[in-house]
file upload_28.tsv (TSV, C-alpha atoms and all ligand atoms)
chain	number	residue	atom	x	y	z
A	8	MET	CA	-1.66	3.17	5.49
A	9	LYS	CA	-0.72	4.65	8.85
A	10	ILE	CA	1.82	2.20	10.30
A	11	LEU	CA	3.07	2.33	13.89
A	12	LEU	CA	6.63	0.93	13.88
A	13	ILE	CA	7.99	0.07	17.31
A	14	GLY	CA	11.75	-0.41	17.37
A	15	ALA	CA	12.14	1.81	14.31
A	16	THR	CA	15.81	2.63	14.97
A	17	GLY	CA	16.88	-0.99	15.48
A	18	THR	CA	18.69	-3.36	13.15
A	19	ILE	CA	15.42	-4.91	11.96
A	20	GLY	CA	13.23	-1.84	12.51
A	21	SER	CA	15.34	0.49	10.37
A	22	ALA	CA	15.17	-2.00	7.48
A	23	ILE	CA	11.37	-2.21	7.88
A	24	ASP	CA	11.26	1.58	7.85
A	25	ARG	CA	13.22	1.67	4.56
A	26	GLU	CA	10.91	-0.95	3.03
A	27	LEU	CA	7.57	0.57	4.06
A	28	SER	CA	8.09	4.34	4.27
A	29	PRO	CA	8.17	4.93	0.46
A	30	ARG	CA	4.56	3.66	0.30
A	31	HIS	CA	3.06	4.47	3.70
A	32	GLU	CA	2.97	6.91	6.61
A	33	VAL	CA	5.37	5.32	9.12
A	34	VAL	CA	5.20	6.54	12.72
A	35	ARG	CA	8.59	5.77	14.29
A	36	ILE	CA	8.54	4.62	17.91
A	37	GLY	CA	11.33	3.59	20.27
A	38	ARG	CA	12.08	3.29	23.95
A	39	SER	CA	14.04	6.54	23.91
A	40	SER	CA	14.20	7.36	20.17
A	41	GLY	CA	11.65	8.14	17.45
A	42	ASP	CA	8.56	10.33	17.04
A	43	PHE	CA	6.95	8.70	20.10
A	44	GLN	CA	8.33	6.67	23.00
A	45	VAL	CA	7.02	3.54	24.70
A	46	ASP	CA	8.27	0.86	27.05
A	47	ILE	CA	6.46	-2.23	25.81
A	48	SER	CA	7.09	-4.01	29.14
A	49	ASN	CA	4.71	-1.51	30.80
A	50	SER	CA	1.04	-1.66	29.79
A	51	ALA	CA	0.34	1.88	31.08
A	52	SER	CA	3.08	3.15	28.77
A	53	ILE	CA	1.50	1.23	25.87
A	54	ARG	CA	-1.90	2.83	26.48
A	55	GLN	CA	-0.31	6.29	26.70
A	56	LEU	CA	1.39	5.64	23.36
A	57	PHE	CA	-1.88	4.81	21.57
A	58	GLU	CA	-3.60	7.82	23.14
A	59	LYS	CA	-0.90	9.97	21.49
A	60	THR	CA	-0.67	8.22	18.10
A	61	GLY	CA	-4.42	7.78	17.60
A	62	ARG	CA	-5.93	5.19	15.29
A	63	PHE	CA	-3.79	3.12	12.92
A	64	ASP	CA	-3.94	0.62	10.04
A	65	ALA	CA	-0.92	-1.50	10.96
A	66	LEU	CA	1.28	-1.99	13.98
A	67	VAL	CA	4.71	-3.57	13.61
A	68	CYS	CA	6.84	-4.43	16.63
A	69	ALA	CA	10.54	-5.06	16.02
A	70	ALA	CA	11.48	-4.65	19.68
A	71	GLY	CA	11.70	-7.02	22.61
A	72	ASN	CA	14.31	-7.92	25.20
A	73	VAL	CA	15.26	-11.26	26.77
A	74	ASN	CA	18.11	-12.40	29.01
A	75	PHE	CA	20.75	-14.70	27.53
A	76	VAL	CA	22.09	-16.83	30.41
A	77	PRO	CA	23.44	-20.41	30.50
A	78	LEU	CA	20.74	-22.76	31.77
A	79	ALA	CA	23.00	-23.96	34.60
A	80	GLU	CA	22.97	-20.41	36.03
A	81	MET	CA	19.34	-19.61	35.32
A	82	SER	CA	16.79	-18.98	38.04
A	83	GLU	CA	13.15	-17.96	37.78
A	84	LYS	CA	14.02	-14.26	37.80
A	85	ASP	CA	16.17	-14.57	34.68
A	86	PHE	CA	13.01	-15.37	32.71
A	87	THR	CA	11.17	-12.24	33.90
A	88	LEU	CA	12.62	-9.86	31.30
A	89	GLY	CA	11.66	-12.04	28.35
A	90	LEU	CA	8.19	-12.73	29.73
A	91	GLN	CA	7.37	-9.10	30.61
A	92	ASP	CA	9.14	-7.39	27.73
A	93	LYS	CA	9.35	-9.41	24.51
A	94	LEU	CA	6.38	-11.73	25.22
A	95	MET	CA	3.73	-9.81	27.19
A	96	GLY	CA	4.94	-6.53	25.67
A	97	GLN	CA	3.88	-7.72	22.23
A	98	VAL	CA	0.75	-9.49	23.52
A	99	ASN	CA	-0.28	-6.25	25.27
A	100	LEU	CA	0.31	-4.28	22.08
A	101	LEU	CA	-2.52	-6.36	20.60
A	102	LEU	CA	-4.76	-6.42	23.70
A	103	ILE	CA	-4.60	-2.64	24.13
A	104	GLY	CA	-3.92	-1.71	20.53
A	105	ARG	CA	-7.06	-3.40	19.17
A	106	GLU	CA	-9.10	-0.56	20.74
A	107	PHE	CA	-7.21	1.89	18.50
A	108	ALA	CA	-6.96	-0.30	15.38
A	109	ASN	CA	-9.03	0.56	12.31
A	110	ASP	CA	-11.15	-2.21	10.75
A	111	GLY	CA	-8.87	-4.57	8.82
A	112	ALA	CA	-5.74	-3.41	10.66
A	113	SER	CA	-2.81	-5.78	11.15
A	114	PHE	CA	-0.41	-6.55	13.98
A	115	THR	CA	3.03	-7.95	13.11
A	116	PHE	CA	5.27	-9.17	15.91
A	117	THR	CA	8.86	-10.39	16.07
A	118	SER	CA	9.92	-13.76	17.50
A	119	GLY	CA	13.12	-15.42	16.20
A	120	VAL	CA	14.96	-18.58	15.22
A	121	ILE	CA	16.11	-19.72	18.67
A	122	ASN	CA	13.13	-21.99	19.45
A	123	ARG	CA	13.65	-23.73	16.09
A	124	GLU	CA	17.44	-23.93	16.30
A	125	PRO	CA	18.54	-23.68	19.94
A	126	ILE	CA	21.76	-21.95	20.97
A	127	LEU	CA	23.72	-21.86	24.23
A	128	THR	CA	22.09	-19.34	26.64
A	129	GLY	CA	18.91	-19.29	24.54
A	130	SER	CA	16.34	-21.04	26.73
A	131	SER	CA	14.45	-17.86	27.69
A	132	ALA	CA	14.48	-16.58	24.09
A	133	ALA	CA	13.26	-19.98	22.85
A	134	LEU	CA	10.42	-20.02	25.39
A	135	VAL	CA	9.31	-16.51	24.46
A	136	ASN	CA	9.60	-16.99	20.68
A	137	ALA	CA	7.58	-20.21	20.72
A	138	ALA	CA	4.93	-18.60	22.92
A	139	LEU	CA	4.64	-15.62	20.59
A	140	ASP	CA	4.26	-17.78	17.50
A	141	GLY	CA	1.61	-19.85	19.32
A	142	PHE	CA	-0.24	-16.74	20.45
A	143	VAL	CA	-0.36	-15.37	16.91
A	144	LYS	CA	-1.82	-18.59	15.51
A	145	ALA	CA	-4.54	-18.79	18.17
A	146	ALA	CA	-5.40	-15.08	18.46
A	147	ALA	CA	-5.87	-14.77	14.69
A	148	ILE	CA	-8.97	-16.99	14.64
A	149	GLU	CA	-10.73	-14.87	17.27
A	150	LEU	CA	-9.95	-11.36	16.10
A	151	PRO	CA	-13.03	-9.38	14.98
A	152	ARG	CA	-13.46	-6.65	12.32
A	153	GLY	CA	-10.98	-8.17	9.85
A	154	LEU	CA	-8.10	-7.55	12.26
A	155	ARG	CA	-5.04	-9.70	11.47
A	156	VAL	CA	-1.96	-10.83	13.37
A	157	ASN	CA	1.28	-12.48	12.19
A	158	SER	CA	4.81	-12.91	13.46
A	159	VAL	CA	8.19	-12.81	11.75
A	160	SER	CA	10.78	-15.31	12.96
A	161	PRO	CA	14.15	-14.34	11.48
A	162	THR	CA	17.44	-16.13	11.86
A	163	VAL	CA	20.42	-14.04	12.95
A	164	LEU	CA	20.85	-10.89	10.85
A	165	THR	CA	23.99	-10.24	8.85
A	166	GLU	CA	24.08	-6.73	10.34
A	167	ALA	CA	24.07	-8.22	13.88
A	168	MET	CA	26.84	-10.79	13.32
A	169	GLY	CA	29.43	-8.40	14.77
A	170	LYS	CA	27.66	-8.77	18.12
A	171	TYR	CA	26.24	-12.30	17.91
A	172	ALA	CA	28.56	-14.36	15.67
A	173	ALA	CA	30.01	-16.35	18.58
A	174	TYR	CA	26.52	-17.64	19.48
A	175	PHE	CA	25.55	-18.49	15.90
A	176	ARG	CA	28.48	-20.49	14.47
A	177	GLY	CA	27.37	-22.36	11.37
A	178	PHE	CA	24.24	-20.25	10.89
A	179	LYS	CA	23.74	-18.54	7.55
A	180	SER	CA	22.76	-14.98	8.41
A	181	VAL	CA	20.10	-13.06	6.52
A	182	ALA	CA	20.20	-9.44	5.39
A	183	ALA	CA	17.92	-7.01	7.22
A	184	ALA	CA	16.47	-5.90	3.88
A	185	ASP	CA	15.31	-9.49	3.21
A	186	VAL	CA	13.81	-9.80	6.69
A	187	ALA	CA	11.93	-6.54	6.08
A	188	LEU	CA	10.11	-8.15	3.14
A	189	ALA	CA	8.34	-10.55	5.51
A	190	TYR	CA	6.96	-7.56	7.42
A	191	ALA	CA	5.76	-6.05	4.14
A	192	LYS	CA	4.03	-9.34	3.29
A	193	SER	CA	2.25	-9.27	6.64
A	194	VAL	CA	1.28	-5.59	6.52
A	195	GLU	CA	0.41	-5.24	2.86
A	196	GLY	CA	-0.97	-8.74	2.24
A	197	LEU	CA	-3.99	-10.51	3.68
A	198	HIS	CA	-2.47	-13.36	5.70
A	199	THR	CA	-3.33	-13.91	9.34
A	200	GLY	CA	-2.16	-16.36	12.00
A	201	GLN	CA	1.11	-16.90	10.12
A	202	THR	CA	4.71	-17.04	11.32
A	203	TYR	CA	7.10	-16.07	8.54
A	204	GLN	CA	10.39	-17.90	9.02
A	205	VAL	CA	13.18	-15.92	7.34
A	206	GLY	CA	16.51	-17.69	6.92
A	301	LIG	N1	19.20	-8.87	15.42
A	301	LIG	C1	18.96	-10.15	15.11
A	301	LIG	O1	19.81	-10.86	14.53
A	301	LIG	C2	17.63	-10.77	15.44
A	301	LIG	C3	17.30	-12.02	14.91
A	301	LIG	C4	16.06	-12.59	15.23
A	301	LIG	C5	15.19	-11.92	16.07
A	301	LIG	N2	15.53	-10.70	16.58
A	301	LIG	C6	14.57	-10.02	17.47
A	301	LIG	O2	14.15	-8.82	16.84
A	301	LIG	C7	13.88	-7.84	17.83
A	301	LIG	C8	14.64	-6.58	17.46
A	301	LIG	O3	16.02	-6.90	17.38
A	301	LIG	P1	17.11	-5.86	16.82
A	301	LIG	O4	18.40	-6.59	16.81
A	301	LIG	O5	16.59	-5.20	15.59
A	301	LIG	O6	17.13	-4.81	18.05
A	301	LIG	P2	18.01	-3.49	18.25
A	301	LIG	O7	18.86	-3.21	17.06
A	301	LIG	O8	18.66	-3.62	19.60
A	301	LIG	O9	16.89	-2.34	18.33
A	301	LIG	C9	15.88	-2.41	19.29
A	301	LIG	C10	14.81	-1.36	19.00
A	301	LIG	O10	13.74	-1.57	19.90
A	301	LIG	C11	13.55	-0.45	20.77
A	301	LIG	N3	13.27	-0.99	22.11
A	301	LIG	C12	14.09	-1.75	22.88
A	301	LIG	N4	13.45	-2.11	24.01
A	301	LIG	C13	12.22	-1.54	23.95
A	301	LIG	C14	11.12	-1.51	24.84
A	301	LIG	N5	11.13	-2.15	26.02
A	301	LIG	N6	10.02	-0.84	24.46
A	301	LIG	C15	9.96	-0.20	23.27
A	301	LIG	N7	10.98	-0.18	22.39
A	301	LIG	C16	12.10	-0.84	22.74
A	301	LIG	C17	14.84	0.34	20.68
A	301	LIG	O11	14.57	1.72	20.93
A	301	LIG	P3	15.72	2.73	21.51
A	301	LIG	O12	16.85	2.66	20.50
A	301	LIG	O13	15.05	4.04	21.55
A	301	LIG	O14	16.12	2.15	22.85
A	301	LIG	C18	15.28	0.07	19.23
A	301	LIG	O15	14.56	0.93	18.34
A	301	LIG	C19	14.26	-8.46	19.18
A	301	LIG	O16	13.11	-8.97	19.81
A	301	LIG	C20	15.17	-9.60	18.79
A	301	LIG	O17	15.14	-10.67	19.71
A	301	LIG	C21	16.72	-10.11	16.28
call {"tool": "encode", "arguments": {"input": "upload_28.tsv", "output": "structure tokens"}}
result
Amino acid sequence: MKILLIGATGTIGSAIDRELSPRHEVVRIGRSSGDFQVDISNSASIRQLFEKTGRFDALVCAAGNVNFVPLAEMSEKDFTLGLQDKLMGQVNLLLIGREFANDGASFTFTSGVINREPILTGSSAALVNAALDGFVKAAAIELPRGLRVNSVSPTVLTEAMGKYAAYFRGFKSVAAADVALAYAKSVEGLHTGQTYQVG
């Protein structure tokens, strides 16, 4: 399969790369790194990406930014990053990417644990993650041509605990290699409309 992997250099993305590249052609994409570049918060940039990569069998997105701010300090503008980048970025990857997707192709997006287990400063992340998982469930039943869409909702990664441990006290982290298996299940299996909770 030809797999477009957005966020390929990241903590999650690099583990997905290690899992899938022995069996598939993985096209590595980042904001500034990789074989191709894209800013998922910009739909023109997304279209330019697909015009360069051409048709594909699977798209995996392990990228997406949100602001972490205490609710007491949050204003409307603090939600903009999460809505434009992690949420609409991934939604637009499907809306635009479906034109370039081969029959039976899959889309796999990344949400996260924070809407299931809230943390301090996590209200924007929770909003975006829940919206993504809801989008996946609903979009799946309307996709034509055998196209599929799933999301992966990991808990905090062991490899990210250096950065995030203070926000995730009491959480049992999960190894990136284990999270990557959920992406393989989505890409190489036949499920659609699913959210894989890992950890
Ligand atoms: N780490 C965790 O514990 C964890 C747990 C649950 C969910 N998640 C979610 O998983 C996703 C990835 O997290 P991560 O920790 O693996 O990230 P990361 O290590 O910071 O890597 C992010 C990757 O995404 C690319 N990227 C960033 N912004 C982008 C944009 N606007 N457009 C296109 N590519 C962009 C980066 O490319 P460049 O390097 O070229 O900038 C990099 O390859 C995030 O949505 C995060 O919320 C993470």
call {"tool": "residues_near_ligand", "arguments": {"input": "upload_28.tsv", "ligand": "ligand LIG 301 (chain A)", "cutoff": "9 Å", "atoms": "only C-alpha atoms and all ligand atoms", "output": "NGL selection string"}}
result
:A and (13-22 or 35-41 or 44-49 or 53 or 68-73 or 92-93 or 96 or 116-121 or 132 or 136 or 159-168 or 170-171 or 180-181 or 183)
call {"tool": "closest_residue", "arguments": {"input": "upload_28.tsv", "among": "A:Val156, A:Met95, A:Ala138, A:Val33", "to": "Lys192 (chain A)", "atoms": "all atoms listed in the file"}}
result
A:Val156
call {"tool": "residues_around", "arguments": {"input": "upload_28.tsv", "residues": "Leu102 (chain A)", "least_positions_apart": "3", "cutoff": "12 Å", "atoms": "all atoms listed in the file", "output": "CSV table (one decimal) with C-alpha atoms, in the coordinates of the input"}}
result
chain,number,residue,atom,x,y,z
A,50,SER,CA,1.0,-1.7,29.8
A,53,ILE,CA,1.5,1.2,25.9
A,54,ARG,CA,-1.9,2.8,26.5
A,57,PHE,CA,-1.9,4.8,21.6
A,95,MET,CA,3.7,-9.8,27.2
A,96,GLY,CA,4.9,-6.5,25.7
A,97,GLN,CA,3.9,-7.7,22.2
A,98,VAL,CA,0.8,-9.5,23.5
A,99,ASN,CA,-0.3,-6.2,25.3
A,105,ARG,CA,-7.1,-3.4,19.2
A,106,GLU,CA,-9.1,-0.6,20.7
A,107,PHE,CA,-7.2,1.9,18.5
A,108,ALA,CA,-7.0,-0.3,15.4
A,114,PHE,CA,-0.4,-6.6,14.0
A,142,PHE,CA,-0.2,-16.7,20.4
A,146,ALA,CA,-5.4,-15.1,18.5
A,150,LEU,CA,-10.0,-11.4,16.1
A,154,LEU,CA,-8.1,-7.6,12.3
A,156,VAL,CA,-2.0,-10.8,13.4
call {"tool": "residues_around", "arguments": {"input": "upload_28.tsv", "residues": "Glu32 (chain A)", "least_positions_apart": "2", "cutoff": "9 Å", "atoms": "all atoms listed in the file", "output": "ChimeraX atom specification"}}
result
/A:8-11,27-30,34
call {"tool": "axis_aligned_box", "arguments": {"input": "upload_28.tsv", "around": "region 187-200 of chain A", "padding_each_side": "3 Å", "output": "lines of an AutoDock Vina configuration file"}}
result
center_x = 4.0
center_y = -10.8
center_z = 7.1
size_x = 21.9
size_y = 17.1
size_z = 15.8
call {"tool": "closest_residue", "arguments": {"input": "upload_28.tsv", "among": "A:Gln201, A:Ala191, A:Leu78, A:Glu124", "to": "Ala145 (chain A)", "atoms": "all atoms listed in the file"}}
result
A:Gln201
call {"tool": "atom_distance", "arguments": {"input": "upload_28.tsv", "atom1": "CA of Asp24 (chain A)", "atom2": "CA of Phe175 (chain A)"}}
result
25.9 Å
call {"tool": "closest_residue", "arguments": {"input": "upload_28.tsv", "among": "A:Thr60, A:Ser52, A:Ser113, A:Ser131", "to": "Leu90 (chain A)", "atoms": "only C-alpha atoms"}}
result
A:Ser131
call {"tool": "closest_residue", "arguments": {"input": "upload_28.tsv", "among": "A:Glu83, A:Ile23, A:Asn109, A:Gly206", "to": "Arg123 (chain A)", "atoms": "only C-alpha atoms"}}
result
A:Gly206
